[in-house]
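Novice: First the structure, which I've put down as structure tokens, then a few questions once you've had a look.
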Amino acid sequence: MDISSRLLLLLEVVELGSFTKVAEQRNLDRSVISKQISRLEEELGVRLLNRTTRSLALTAAGDEMLNQAKSLRTLLNNSYLIAQNYHSQPKGLLRITSSSLFGRQYVQQAALLFQQQHSEAEVELRLEDRLIDMIGERFDIGFRVGKPKTSNLISQKIARNRLLIVASPAFIERHGTITTLEQLENLPAAVFAAPGLLLDKFTYIDNKQQKQFKLNAAYKVNDLEMLTQTAIAGNMLAVVTAQMIGDEIISGQLIPIMTHLQLEDFGTIYAVYPHRDAPIKTRLFIDTLKSIVGTGIPTWELRIPGFDNMYGNKKAK
């Protein structure tokens, strides 16, 4: 590892906050990271980090070197981007991050098709539901629900992702036809929950005004796929996105209910990437994904018969 690589490693340590996190990111032993930073300090002849058992802090020299490392990373990224744009075919490693469910359902398909069509490209796919630092963790593309809040990322719309409310035939037989908000809020429901996040409230439009209903959260789970599985089991209803639906409605395992409600969309799915002039491999991968997801009406809506006439979708077009 040369000095420039060690400078970039220092930047990574500071941005991720610990040697351990960098070691996990790079699939290396923590001691390797520590030794490389120590070697950098020896080469430069100054201490860059004050280390304790619980934290790291930059010295004044370390702060100067961090600025140099950021400039170096920008220079290298721009050089790589310029070179990539001269290629007629995608080459090299494409690092992709996506939410778990969307990644398993669609990004995985796109990755396999992309590599089948472009044999000189390599793909690394990371499925995580946490918010990824695209630049700091050196990803080329990310797939997220909603536009990024930071202005340093470029976003491109992939597809809309609308909501529906579902229950099993057994649930409806047990509780009767569900036609009112009072019924909806009182009947047991499965909801998504994770640390700091509970999705039990949903917005609908009534006389052009936004209102909310709150589900009776009898079961909380941190896996989106479990919501449909729980609803199929017959003891609870669930609010799900159209993207989460497979053949459960066509097969009769689940039935859309309260379809007269005009539900707000859950959120558009976007591709995000660091550079406006994205390299050809980034652009082609997004095109490959769109060919699978569909343009205009996303493929997942086609699995829900009559969905165009449910939940105010006609008004939303």
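Labels used: A, B, ... for chains in the order of the structure tokens, numbers from 1 for residues in each chain, and numbers from 1 for ligands as shown.
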Among stretch 159-203 of chain A, which residues carry a DSSP assignment of alpha helix (DSSP H), reported as a PyMOL selection string?

Specialist: chain A and resi 169-175+181-186

Novice: So that I can see what lies close to A:Glu120, please list as a PDB file with N, CA and C atoms, in the first residue's frame the residues with an atom at most 9 Å from it, counting only C-alpha atoms and leaving out residues fewer than 4 positions away in the same chain.

Specialist:
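The file below, selection-v4.pdb, is the result:
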```
ATOM      1  N   GLN A  89     -18.031   0.262 -23.835  1.00  0.00           N
ATOM      2  CA  GLN A  89     -18.677  -0.804 -23.077  1.00  0.00           C
ATOM      3  C   GLN A  89     -18.285  -0.678 -21.608  1.00  0.00           C
ATOM      4  N   PRO A  90     -19.192  -1.006 -20.695  1.00  0.00           N
ATOM      5  CA  PRO A  90     -18.862  -0.895 -19.267  1.00  0.00           C
ATOM      6  C   PRO A  90     -17.776  -1.875 -18.854  1.00  0.00           C
ATOM      7  N   LYS A  91     -16.816  -1.383 -18.065  1.00  0.00           N
ATOM      8  CA  LYS A  91     -15.727  -2.213 -17.567  1.00  0.00           C
ATOM      9  C   LYS A  91     -15.520  -1.939 -16.082  1.00  0.00           C
ATOM     10  N   GLY A  92     -14.900  -2.883 -15.409  1.00  0.00           N
ATOM     11  CA  GLY A  92     -14.540  -2.678 -14.017  1.00  0.00           C
ATOM     12  C   GLY A  92     -15.672  -2.957 -13.060  1.00  0.00           C
ATOM     13  N   GLN A 115     -24.629  -8.368 -16.238  1.00  0.00           N
ATOM     14  CA  GLN A 115     -23.376  -9.087 -16.441  1.00  0.00           C
ATOM     15  C   GLN A 115     -23.453 -10.053 -17.620  1.00  0.00           C
TER      16      GLN A 115
END
```

Novice: Tell me which protein, DNA and RNA residues are within 12 Å of A:Leu289, counting only C-alpha atoms, leaving out same-chain ones fewer than 6 positions away, and put them as a list in words.

Specialist: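 Close residues of A:Leu289: Phe102, Gly103, Gln105, Tyr106, Val107, Gln108, Gln109, Ala110, Ala111, Leu112, Leu113, Phe114, Ile141, Phe143, Lys157, Ile158, Ala159, Ile269, Tyr270, Ala271, Thr282, Arg283, Thr295, Pro298 and Thr299 of chain A.
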
Novice: From a DSSP calculation on the backbone, collect every residue of stretch 144-316 of chain A in strand (DSSP E) and output the set as a count of residues only.

Specialist: 56

Novice: Give the answer as one residue: which of A:Val32, A:Leu76, A:Met244, A:Val221 has the shortest atom-to-atom distance to A:Arg162, using only C-alpha atoms?

Specialist: A:Met244

Novice: Residues within 8 Å of A:Ile165, please, as an mmCIF file with N, CA and C atoms, in the first residue's frame. Count only C-alpha atoms; anything in the same chain fewer than 6 positions from it doesn't count.

Specialist:
```cif
data_model
loop_
_atom_site.group_PDB
_atom_site.id
_atom_site.type_symbol
_atom_site.label_atom_id
_atom_site.label_comp_id
_atom_site.auth_asym_id
_atom_site.auth_seq_id
_atom_site.Cartn_x
_atom_site.Cartn_y
_atom_site.Cartn_z
ATOM 1 N N LEU A 237 -54.779 -7.722 9.311
ATOM 2 C CA LEU A 237 -54.691 -7.021 8.035
ATOM 3 C C LEU A 237 -53.345 -6.308 7.978
ATOM 4 N N ALA A 238 -53.019 -5.726 6.835
ATOM 5 C CA ALA A 238 -51.759 -5.004 6.701
ATOM 6 C C ALA A 238 -51.873 -3.955 5.601
ATOM 7 N N VAL A 239 -51.129 -2.882 5.768
ATOM 8 C CA VAL A 239 -50.938 -1.901 4.700
ATOM 9 C C VAL A 239 -49.591 -2.212 4.064
ATOM 10 N N VAL A 240 -49.573 -2.450 2.756
ATOM 11 C CA VAL A 240 -48.351 -2.830 2.055
ATOM 12 C C VAL A 240 -48.194 -1.956 0.811
ATOM 13 N N PRO A 256 -57.574 -6.866 -1.631
ATOM 14 C CA PRO A 256 -57.514 -5.437 -1.308
ATOM 15 C C PRO A 256 -58.816 -4.998 -0.639
ATOM 16 N N ILE A 257 -58.702 -4.246 0.448
ATOM 17 C CA ILE A 257 -59.888 -3.763 1.158
ATOM 18 C C ILE A 257 -59.841 -2.232 1.250
ATOM 19 N N MET A 258 -60.965 -1.633 1.568
ATOM 20 C CA MET A 258 -61.079 -0.175 1.695
ATOM 21 C C MET A 258 -60.537 0.530 0.450
ATOM 22 N N THR A 259 -60.846 -0.016 -0.712
ATOM 23 C CA THR A 259 -60.273 0.506 -1.953
ATOM 24 C C THR A 259 -60.834 1.875 -2.336
#
```

Novice: Can you work out which one of A:His260, A:Lys214, A:Ile250, A:Thr52 has the shortest atom-to-atom distance to A:Glu182, counting only C-alpha atoms?

Specialist: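 Selected residue with least distance to A:Glu182: A:Lys214.
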
Novice: Can you tell me how far atom CA of A:Val22 sits from atom CA of A:Ile286, in Å to one decimal?

Specialist: 28.3 Å

Novice: Looking at only C-alpha atoms, which of A:Ile304, A:Arg126, A:Leu10, A:Leu72 is the one that sits closest to A:Arg104?

Specialist: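 Ranking A:Ile304, A:Arg126, A:Leu10, A:Leu72 by distance to A:Arg104, first place goes to A:Arg126.
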
Novice: With only C-alpha atoms as the atoms that count, which of A:Ala193, A:Ala167, A:Val272, A:Leu127 lies nearest to A:Asn152?

Specialist: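 Of all the options, A:Val272 lies closest to A:Asn152.
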
Novice: Leaving out A:Gly196 and any residue of its chain fewer than 4 positions from it, which residues lie within 12 Å of it when counting only C-alpha atoms, given as a PyMOL selection string?

Specialist: chain A and resi 130+192+222

Novice: Interatomic distance between atom CA of A:Phe171 and atom CA of A:Phe266?

Specialist: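 Interatomic distance, atom CA of A:Phe171 to atom CA of A:Phe266: 24.4 Å.
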
Novice: Between A:Glu225, A:Glu185, A:Asp140, A:Asp200, which is the closest to A:Tyr273 once you count only C-alpha atoms?

Specialist: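 Among the listed residues, A:Asp140 lies closest to A:Tyr273.
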
Novice: Determine the nearest neighbour of A:Lys21 from the options A:Glu137, A:Leu261, A:Asp129, A:Asn216, counting only C-alpha atoms.

Specialist: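 For A:Lys21, the nearest of the given residues is A:Glu137.
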
Novice: For stretch 145-190 of chain A against stretch 226-233 of chain A, with a cut-off of 9 Å and counting only C-alpha atoms, what is the closest atom pair and its distance in Å to one decimal for every residue that makes the cut, ordered by chain and number, as a Markdown table?

Specialist:
```
| residue | atom | partner | partner_atom | distance |
| --- | --- | --- | --- | --- |
| A:Val166 | CA | A:Ala231 | CA | 7.1 |
| A:Ala167 | CA | A:Ala231 | CA | 5.6 |
| A:Ser168 | CA | A:Ile232 | CA | 5.4 |
| A:Pro169 | CA | A:Ile232 | CA | 8.6 |
| A:Ala170 | CA | A:Ala233 | CA | 8.6 |
| A:Phe171 | CA | A:Ala231 | CA | 8.4 |
| A:Ala189 | CA | A:Ala231 | CA | 8.1 |
| A:Ala190 | CA | A:Leu227 | CA | 6.0 |
```

Novice: Hey, can you spit out that residue selection with N, CA and C atoms as a short mmCIF file (atom, residue, chain, number, x, y, z; two decimals), in the first residue's frame?

Specialist:
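New file again.cif:
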```cif
data_model
loop_
_atom_site.label_atom_id
_atom_site.label_comp_id
_atom_site.auth_asym_id
_atom_site.auth_seq_id
_atom_site.Cartn_x
_atom_site.Cartn_y
_atom_site.Cartn_z
N VAL A 166 -54.57 -4.80 2.65
CA VAL A 166 -54.91 -6.18 2.29
C VAL A 166 -55.29 -7.00 3.53
N ALA A 167 -56.13 -7.99 3.28
CA ALA A 167 -56.52 -8.96 4.31
C ALA A 167 -56.81 -10.28 3.60
N SER A 168 -56.77 -11.37 4.34
CA SER A 168 -57.04 -12.68 3.76
C SER A 168 -58.55 -12.93 3.71
N PRO A 169 -59.00 -13.85 2.86
CA PRO A 169 -60.43 -14.22 2.85
C PRO A 169 -60.90 -14.70 4.22
N ALA A 170 -60.05 -15.44 4.95
CA ALA A 170 -60.43 -15.93 6.28
C ALA A 170 -60.64 -14.77 7.24
N PHE A 171 -59.78 -13.74 7.15
CA PHE A 171 -59.90 -12.57 8.02
C PHE A 171 -61.22 -11.85 7.74
N ALA A 189 -53.72 -5.47 13.27
CA ALA A 189 -52.92 -5.25 12.06
C ALA A 189 -51.45 -5.58 12.32
N ALA A 190 -50.77 -5.98 11.25
CA ALA A 190 -49.33 -6.16 11.28
C ALA A 190 -48.68 -4.90 10.71
#
```

Novice: Figure out the distance between atom CA of A:Gly234 and atom CA of A:Thr268, please, to one decimal in Å.

Specialist: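 Taking atom CA of A:Thr268 as the start and atom CA of A:Gly234 as the end point, the length is 29.4 Å.
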
Novice: Using only C-alpha atoms, which residues sit within 9 Å of A:Tyr204 once same-chain residues fewer than 4 positions away are excluded, as a list in words?

Specialist: Gln209, Gln210, Lys211, Gln212, Phe213, Leu261, Gln262, Leu263, Glu264 and Tyr311 of chain A

Novice: Based on the selection just made, write C-alpha atoms of those residues as a short mmCIF file (atom, residue, chain, number, x, y, z; two decimals), in the first residue's frame.

Specialist:
```cif
data_model
loop_
_atom_site.label_atom_id
_atom_site.label_comp_id
_atom_site.auth_asym_id
_atom_site.auth_seq_id
_atom_site.Cartn_x
_atom_site.Cartn_y
_atom_site.Cartn_z
CA GLN A 209 -57.51 17.49 2.72
CA GLN A 210 -54.79 15.24 4.10
CA LYS A 211 -55.91 13.03 6.97
CA GLN A 212 -54.42 10.03 8.73
CA PHE A 213 -55.59 6.72 10.06
CA LEU A 261 -59.83 5.46 0.22
CA GLN A 262 -57.52 7.79 -1.71
CA LEU A 263 -54.19 6.76 -0.23
CA GLU A 264 -51.06 8.85 -0.62
CA TYR A 311 -57.19 3.97 -3.75
#
```
